Every structure is written in structure tokens, then in C-alpha cells.
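Here's the structure we're looking at; comments come further down.
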Amino acid sequence: IAAAQTHDDIAAIFGNPALPTPSIIGWGITLDDGNPDRYIVGISHGGLGLPDRDYYLKDDARMVELRAKYPQHIARFLGLANIAEGEAKATRIMALETEIAKLHWQIEDRRDATKVYNLKKRADLETIAPDFPWAKGLGASGFNNIDECIVSELSAMAPLASLFKNTPVSTWKEYLTFHLLSQSAALLPKPFDDERFDFFGKTLNGQREQRARWK
């Protein structure tokens, strides 16, 4: 992540299966609902640290409270890793995720099996979302030579690709650094695990007790 210099580099990180980081556009192996005798690459929007778009956009008191606490959590997490300017970086990460959330489909549309089943050729992706470096991203996952794929939130792909291209590489690096640390919290020193539990376990999900670390 620290060595990334271009958007192509960022897309390759998104596709790297060894890195537990989210992606603004993600993919993986799934069952083909239109042909259940085979598996296929499924492509969907992603990239949010909070559970879904409503956490970034709804105005009820609970969501407003969580939106205030999430950047504080990010800043504390970066601080644990001795990363400078954590508060400023947390603000940029939150702003980026909010813009991503604005382009995500509503949950009712995502539950519509017909709307999320869009069988496409690999070559179609270049037309559907030309601003995204598909060859770099899919290539990092070993998927660049696929013949077909299923694109779930089809209308979101082009706007998300445009946001990807127009967001500075430096901001993507901050975003990826935080999420790599966050997703690795259970393997890092205990303060990282405690901080993640405090926000995602206790504050977000109401868990009273943290799972024993040895488990």
C-alpha cells in the first residue's frame, strides 16, 4: 500500500486476495443463479466500513451518533499504529466512504433477484465502467481471462468507477491502510483488538463482552 503510486496500483491492491481490504468495486466466486450447475465471478459494489449506505445517509439520532464516532475510531486506530495526522486522515476516509455510500443501491433493490442478475461478458466491463482499471484489478485476483461474469448493481458501476478515478491515490492509500489494520486487528497487539471491539462490537452491535483473545 505504501508503495502504490497510481490508480492501477490501487486496483491491484483491491484484487489482491492476500490483503483483507475492501474495494469500491469487488468480486469473488459465486454460484450462477441463472445456471446453478456452475460457479462464476460475481461483481458487486463495496468499500464501506459501516454496514450499509443508511449508516452514512440517514438522519435519525442513532445514525448521526455513529457517524460522529466512526471517524474518532479511525483516528484512534491509526494512532495505535503510530501513523501521523490520524484525525485529518480519518476525516478524509469518512468523506470518501460517504461518497461511496451515496452511489450504493438501496437495500430493497439489492434484494430483487432479477435486478442483481446481470450476466455480462468480460469485455463488457470496459464499456460498463471505463474509468476502472479492470485488467489490473481482476488480474491481481487471477480473474482477468474469464469469459463471463455477473454484475449485481449494474447502474452503480460507472459512477463508482468515476469516483475511484477522481479520488487521489494518496486518499486511497490512507483508506486502505486503515482497513488493512482494522481487518487484521485480531492478529495485532491487544490494543488494536480492543479498539475494534469497542466500536464495532460494543458501540455498533451492542455486544457486552469481547470474545476471549485465545479463541
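Residues in the C-alpha cells are named by chain (A, B, ... in the order shown) and by number from 1 within that chain; ligands are numbered from 1 in the order shown.
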Item to check | Close residues, Lys115 of chain A itself excluded, 10 Å, only C-alpha atoms, min 3 positions apart in chain, as a list of chain:residue names | outcome: A:Asp109, A:Arg110, A:Arg111, A:Asp112, A:Asn118, A:Val151, A:Ser152, A:Glu153, A:Leu154
Please produce, as CSV, a per-residue contact table for segment 1-25 of chain A versus segment 165-170 of chain A (criterion: any atom at most 9 Å away, only C-alpha atoms considered), showing the nearest atom pair and its distance in Å to one decimal, sorted by chain then residue number.
residue,atom,partner,partner_atom,distance
A:Ala4,CA,A:Val169,CA,7.8
A:Gln5,CA,A:Val169,CA,6.8
A:Thr6,CA,A:Val169,CA,6.3
A:His7,CA,A:Val169,CA,6.2
A:Asp9,CA,A:Val169,CA,8.9
A:Ile10,CA,A:Val169,CA,7.4
Closest-contact table, segment 75-112 of chain A side, partner segment 21-30 of chain A, 12 Å, counting only C-alpha atoms, as a Markdown table:
| residue | atom | partner | partner_atom | distance |
| --- | --- | --- | --- | --- |
| A:Leu96 | CA | A:Ile24 | CA | 10.1 |
| A:Glu97 | CA | A:Ile24 | CA | 9.0 |
| A:Thr98 | CA | A:Ile24 | CA | 11.7 |
| A:Glu99 | CA | A:Ile24 | CA | 10.6 |
| A:Ile100 | CA | A:Ile24 | CA | 7.2 |
| A:Ala101 | CA | A:Ile24 | CA | 9.8 |
| A:Leu103 | CA | A:Ile24 | CA | 10.2 |
| A:His104 | CA | A:Ile24 | CA | 9.9 |
Next on the checklist: Calculated over only C-alpha atoms, which of the candidates A:Leu188, A:Lys202, A:Glu174, A:Pro71 has the smallest distance to Ala84 of chain A?
Outcome noted: A:Glu174
Near Phe143 of chain A, counting only C-alpha atoms, which residues have an atom at most 10 Å away, once you skip same-chain residues fewer than 6 positions from it, shown as a PDB file with all heavy atoms, in the first residue's frame?
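Written out: result-v4.pdb:
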ATOM      1  N   GLY A  15      -7.678  -6.143  -5.725  1.00  0.00           N
ATOM      2  CA  GLY A  15      -7.837  -7.503  -6.206  1.00  0.00           C
ATOM      3  C   GLY A  15      -6.932  -8.516  -5.554  1.00  0.00           C
ATOM      4  O   GLY A  15      -7.072  -9.723  -5.805  1.00  0.00           O
ATOM      5  N   TRP A  27     -15.191  -8.337  -6.213  1.00  0.00           N
ATOM      6  CA  TRP A  27     -15.578  -9.530  -6.968  1.00  0.00           C
ATOM      7  C   TRP A  27     -15.156 -10.778  -6.213  1.00  0.00           C
ATOM      8  O   TRP A  27     -14.295 -10.736  -5.328  1.00  0.00           O
ATOM      9  CB  TRP A  27     -14.963  -9.522  -8.363  1.00  0.00           C
ATOM     10  CG  TRP A  27     -13.504  -9.162  -8.355  1.00  0.00           C
ATOM     11  CD1 TRP A  27     -12.440  -9.983  -8.119  1.00  0.00           C
ATOM     12  CD2 TRP A  27     -12.951  -7.848  -8.553  1.00  0.00           C
ATOM     13  NE1 TRP A  27     -11.266  -9.274  -8.153  1.00  0.00           N
ATOM     14  CE2 TRP A  27     -11.540  -7.956  -8.423  1.00  0.00           C
ATOM     15  CE3 TRP A  27     -13.496  -6.598  -8.825  1.00  0.00           C
ATOM     16  CZ2 TRP A  27     -10.695  -6.872  -8.559  1.00  0.00           C
ATOM     17  CZ3 TRP A  27     -12.654  -5.512  -8.956  1.00  0.00           C
ATOM     18  CH2 TRP A  27     -11.267  -5.653  -8.828  1.00  0.00           C
ATOM     19  N   GLY A  28     -15.774 -11.866  -6.583  1.00  0.00           N
ATOM     20  CA  GLY A  28     -15.435 -13.152  -5.975  1.00  0.00           C
ATOM     21  C   GLY A  28     -16.193 -14.251  -6.687  1.00  0.00           C
ATOM     22  O   GLY A  28     -16.980 -13.998  -7.602  1.00  0.00           O
ATOM     23  N   ILE A  29     -15.954 -15.482  -6.263  1.00  0.00           N
ATOM     24  CA  ILE A  29     -16.618 -16.625  -6.873  1.00  0.00           C
ATOM     25  C   ILE A  29     -17.990 -16.827  -6.231  1.00  0.00           C
ATOM     26  O   ILE A  29     -18.125 -16.798  -5.010  1.00  0.00           O
ATOM     27  CB  ILE A  29     -15.773 -17.903  -6.706  1.00  0.00           C
ATOM     28  CG1 ILE A  29     -14.409 -17.718  -7.355  1.00  0.00           C
ATOM     29  CG2 ILE A  29     -16.489 -19.105  -7.289  1.00  0.00           C
ATOM     30  CD1 ILE A  29     -14.455 -17.537  -8.849  1.00  0.00           C
ATOM     31  N   VAL A  41     -17.733 -15.655 -11.616  1.00  0.00           N
ATOM     32  CA  VAL A  41     -17.272 -14.460 -10.912  1.00  0.00           C
ATOM     33  C   VAL A  41     -18.433 -13.480 -10.770  1.00  0.00           C
ATOM     34  O   VAL A  41     -19.086 -13.126 -11.760  1.00  0.00           O
ATOM     35  CB  VAL A  41     -16.102 -13.793 -11.661  1.00  0.00           C
ATOM     36  CG1 VAL A  41     -15.786 -12.419 -11.061  1.00  0.00           C
ATOM     37  CG2 VAL A  41     -14.861 -14.687 -11.594  1.00  0.00           C
ATOM     38  N   ARG A 122     -16.785 -10.583 -20.198  1.00  0.00           N
ATOM     39  CA  ARG A 122     -15.657  -9.865 -19.609  1.00  0.00           C
ATOM     40  C   ARG A 122     -15.410  -8.553 -20.347  1.00  0.00           C
ATOM     41  O   ARG A 122     -15.162  -7.510 -19.716  1.00  0.00           O
ATOM     42  CB  ARG A 122     -14.401 -10.762 -19.647  1.00  0.00           C
ATOM     43  CG  ARG A 122     -13.065 -10.032 -19.483  1.00  0.00           C
ATOM     44  CD  ARG A 122     -12.922  -9.402 -18.119  1.00  0.00           C
ATOM     45  NE  ARG A 122     -11.670  -8.674 -18.001  1.00  0.00           N
ATOM     46  CZ  ARG A 122     -11.499  -7.405 -18.345  1.00  0.00           C
ATOM     47  NH1 ARG A 122     -12.527  -6.704 -18.826  1.00  0.00           N
ATOM     48  NH2 ARG A 122     -10.331  -6.811 -18.201  1.00  0.00           N
ATOM     49  N   TRP A 134      -9.935  -2.516 -14.978  1.00  0.00           N
ATOM     50  CA  TRP A 134     -10.378  -3.889 -14.761  1.00  0.00           C
ATOM     51  C   TRP A 134      -9.238  -4.899 -14.890  1.00  0.00           C
ATOM     52  O   TRP A 134      -9.149  -5.858 -14.112  1.00  0.00           O
ATOM     53  CB  TRP A 134     -11.502  -4.238 -15.734  1.00  0.00           C
ATOM     54  CG  TRP A 134     -12.763  -3.502 -15.486  1.00  0.00           C
ATOM     55  CD1 TRP A 134     -13.243  -2.418 -16.184  1.00  0.00           C
ATOM     56  CD2 TRP A 134     -13.721  -3.763 -14.447  1.00  0.00           C
ATOM     57  NE1 TRP A 134     -14.434  -1.992 -15.638  1.00  0.00           N
ATOM     58  CE2 TRP A 134     -14.747  -2.800 -14.590  1.00  0.00           C
ATOM     59  CE3 TRP A 134     -13.802  -4.707 -13.431  1.00  0.00           C
ATOM     60  CZ2 TRP A 134     -15.848  -2.771 -13.733  1.00  0.00           C
ATOM     61  CZ3 TRP A 134     -14.896  -4.684 -12.576  1.00  0.00           C
ATOM     62  CH2 TRP A 134     -15.906  -3.724 -12.732  1.00  0.00           C
ATOM     63  N   ALA A 135      -8.397  -4.724 -15.897  1.00  0.00           N
ATOM     64  CA  ALA A 135      -7.329  -5.699 -16.125  1.00  0.00           C
ATOM     65  C   ALA A 135      -6.403  -5.787 -14.917  1.00  0.00           C
ATOM     66  O   ALA A 135      -5.966  -6.879 -14.541  1.00  0.00           O
ATOM     67  CB  ALA A 135      -6.535  -5.331 -17.377  1.00  0.00           C
ATOM     68  N   LYS A 136      -6.112  -4.648 -14.294  1.00  0.00           N
ATOM     69  CA  LYS A 136      -5.236  -4.643 -13.127  1.00  0.00           C
ATOM     70  C   LYS A 136      -5.919  -5.295 -11.924  1.00  0.00           C
ATOM     71  O   LYS A 136      -5.322  -6.105 -11.207  1.00  0.00           O
ATOM     72  CB  LYS A 136      -4.824  -3.215 -12.774  1.00  0.00           C
ATOM     73  CG  LYS A 136      -3.917  -2.563 -13.793  1.00  0.00           C
ATOM     74  CD  LYS A 136      -2.549  -3.246 -13.819  1.00  0.00           C
ATOM     75  CE  LYS A 136      -1.606  -2.528 -14.773  1.00  0.00           C
ATOM     76  NZ  LYS A 136      -0.279  -3.175 -14.811  1.00  0.00           N
ATOM     77  N   GLY A 137      -7.175  -4.913 -11.685  1.00  0.00           N
ATOM     78  CA  GLY A 137      -7.886  -5.442 -10.537  1.00  0.00           C
ATOM     79  C   GLY A 137      -8.192  -6.923 -10.665  1.00  0.00           C
ATOM     80  O   GLY A 137      -7.853  -7.721  -9.784  1.00  0.00           O
ATOM     81  N   CYS A 149     -19.307 -12.959 -16.419  1.00  0.00           N
ATOM     82  CA  CYS A 149     -19.424 -12.594 -15.008  1.00  0.00           C
ATOM     83  C   CYS A 149     -20.836 -12.086 -14.762  1.00  0.00           C
ATOM     84  O   CYS A 149     -21.582 -11.800 -15.708  1.00  0.00           O
ATOM     85  CB  CYS A 149     -18.402 -11.518 -14.632  1.00  0.00           C
ATOM     86  SG  CYS A 149     -18.514 -10.011 -15.620  1.00  0.00           S
TER      87      CYS A 149
END
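When the distance limit is 9 Å and only C-alpha atoms are what count, the residues near Asn16 of chain A, minus those fewer than 5 positions from it on the same chain, are Ala11, Thr21, Gly137, Leu138, Gly139, Ala140 and Ser141 of chain A.
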Output all heavy atoms for every residue in the selection just made, as a CSV table (one decimal), in the first residue's frame.
chain,number,residue,atom,x,y,z
A,11,ALA,N,-6.0,-0.5,-7.8
A,11,ALA,CA,-6.9,-1.5,-8.3
A,11,ALA,C,-6.3,-2.9,-8.0
A,11,ALA,O,-7.0,-3.9,-7.7
A,11,ALA,CB,-7.2,-1.3,-9.7
A,21,THR,N,-8.6,-6.2,2.5
A,21,THR,CA,-9.1,-4.8,2.4
A,21,THR,C,-10.3,-4.8,1.5
A,21,THR,O,-10.5,-5.6,0.6
A,21,THR,CB,-8.0,-3.9,1.7
A,21,THR,OG1,-7.6,-4.6,0.5
A,21,THR,CG2,-6.8,-3.8,2.6
A,137,GLY,N,-7.2,-4.9,-11.7
A,137,GLY,CA,-7.9,-5.4,-10.5
A,137,GLY,C,-8.2,-6.9,-10.7
A,137,GLY,O,-7.9,-7.7,-9.8
A,138,LEU,N,-8.8,-7.3,-11.8
A,138,LEU,CA,-9.2,-8.7,-12.0
A,138,LEU,C,-7.9,-9.6,-12.1
A,138,LEU,O,-7.9,-10.7,-11.7
A,138,LEU,CB,-10.1,-8.9,-13.2
A,138,LEU,CG,-11.5,-8.3,-13.1
A,138,LEU,CD1,-12.2,-8.4,-14.4
A,138,LEU,CD2,-12.3,-9.0,-12.0
A,139,GLY,N,-6.9,-9.0,-12.8
A,139,GLY,CA,-5.6,-9.7,-12.9
A,139,GLY,C,-5.0,-10.1,-11.6
A,139,GLY,O,-4.4,-11.2,-11.5
A,140,ALA,N,-5.1,-9.2,-10.6
A,140,ALA,CA,-4.5,-9.5,-9.3
A,140,ALA,C,-5.2,-10.6,-8.6
A,140,ALA,O,-4.6,-11.3,-7.8
A,140,ALA,CB,-4.6,-8.2,-8.4
A,141,SER,N,-6.4,-10.9,-9.0
A,141,SER,CA,-7.2,-12.0,-8.4
A,141,SER,C,-7.1,-13.3,-9.3
A,141,SER,O,-7.7,-14.3,-8.9
A,141,SER,CB,-8.7,-11.6,-8.3
A,141,SER,OG,-8.9,-10.4,-7.5
Checklist entry - Got a sec to tell me which of segment 88-197 of chain A DSSP assigns to alpha helix (DSSP H), as a count of residues only? => result 65
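For Ile83 of chain A, the non-local neighbours within 10 Å, defined as residues at least 4 positions apart in the same chain or in other chains and counting only C-alpha atoms, are A:Ala75, A:Arg76, A:Phe77, A:Leu78, A:Gly79, A:Lys89, A:Glu174, A:Thr177, A:Phe178.
Counting from atom CA of Ile128 of chain A, the distance to atom CA of Phe14 of chain A is 18.7 Å.
Among the candidate residues A:Ile107, A:Thr114, A:Asp131, A:Lys215, the one lying nearest to Asp8 of chain A is A:Asp131, with distances computed using only C-alpha atoms.
Using only C-alpha atoms for every distance, the candidate list A:Gln72, A:Gln106, A:Asn35, A:Ser44 yields A:Gln106 as the residue closest to Leu57 of chain A.
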Next on the checklist: Let me make sure I understand: among A:Glu108, A:Asp193, A:Glu148, A:Asp52, which one has the smallest atom-to-atom distance to Ala123 of chain A if we use only C-alpha atoms?
Outcome noted: A:Glu148
Checklist entry - Residues at most 8 Å from Tyr55 of chain A, counting only C-alpha atoms, excluding those fewer than 5 positions away in the same chain, as a list in words? => result Leu50, Met63, Leu66 and Arg67 of chain A
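If only C-alpha atoms are the atoms counted, then among A:Asp59, A:Trp105, A:Gly46, A:Lys173 the closest residue to Ala3 of chain A is A:Lys173.
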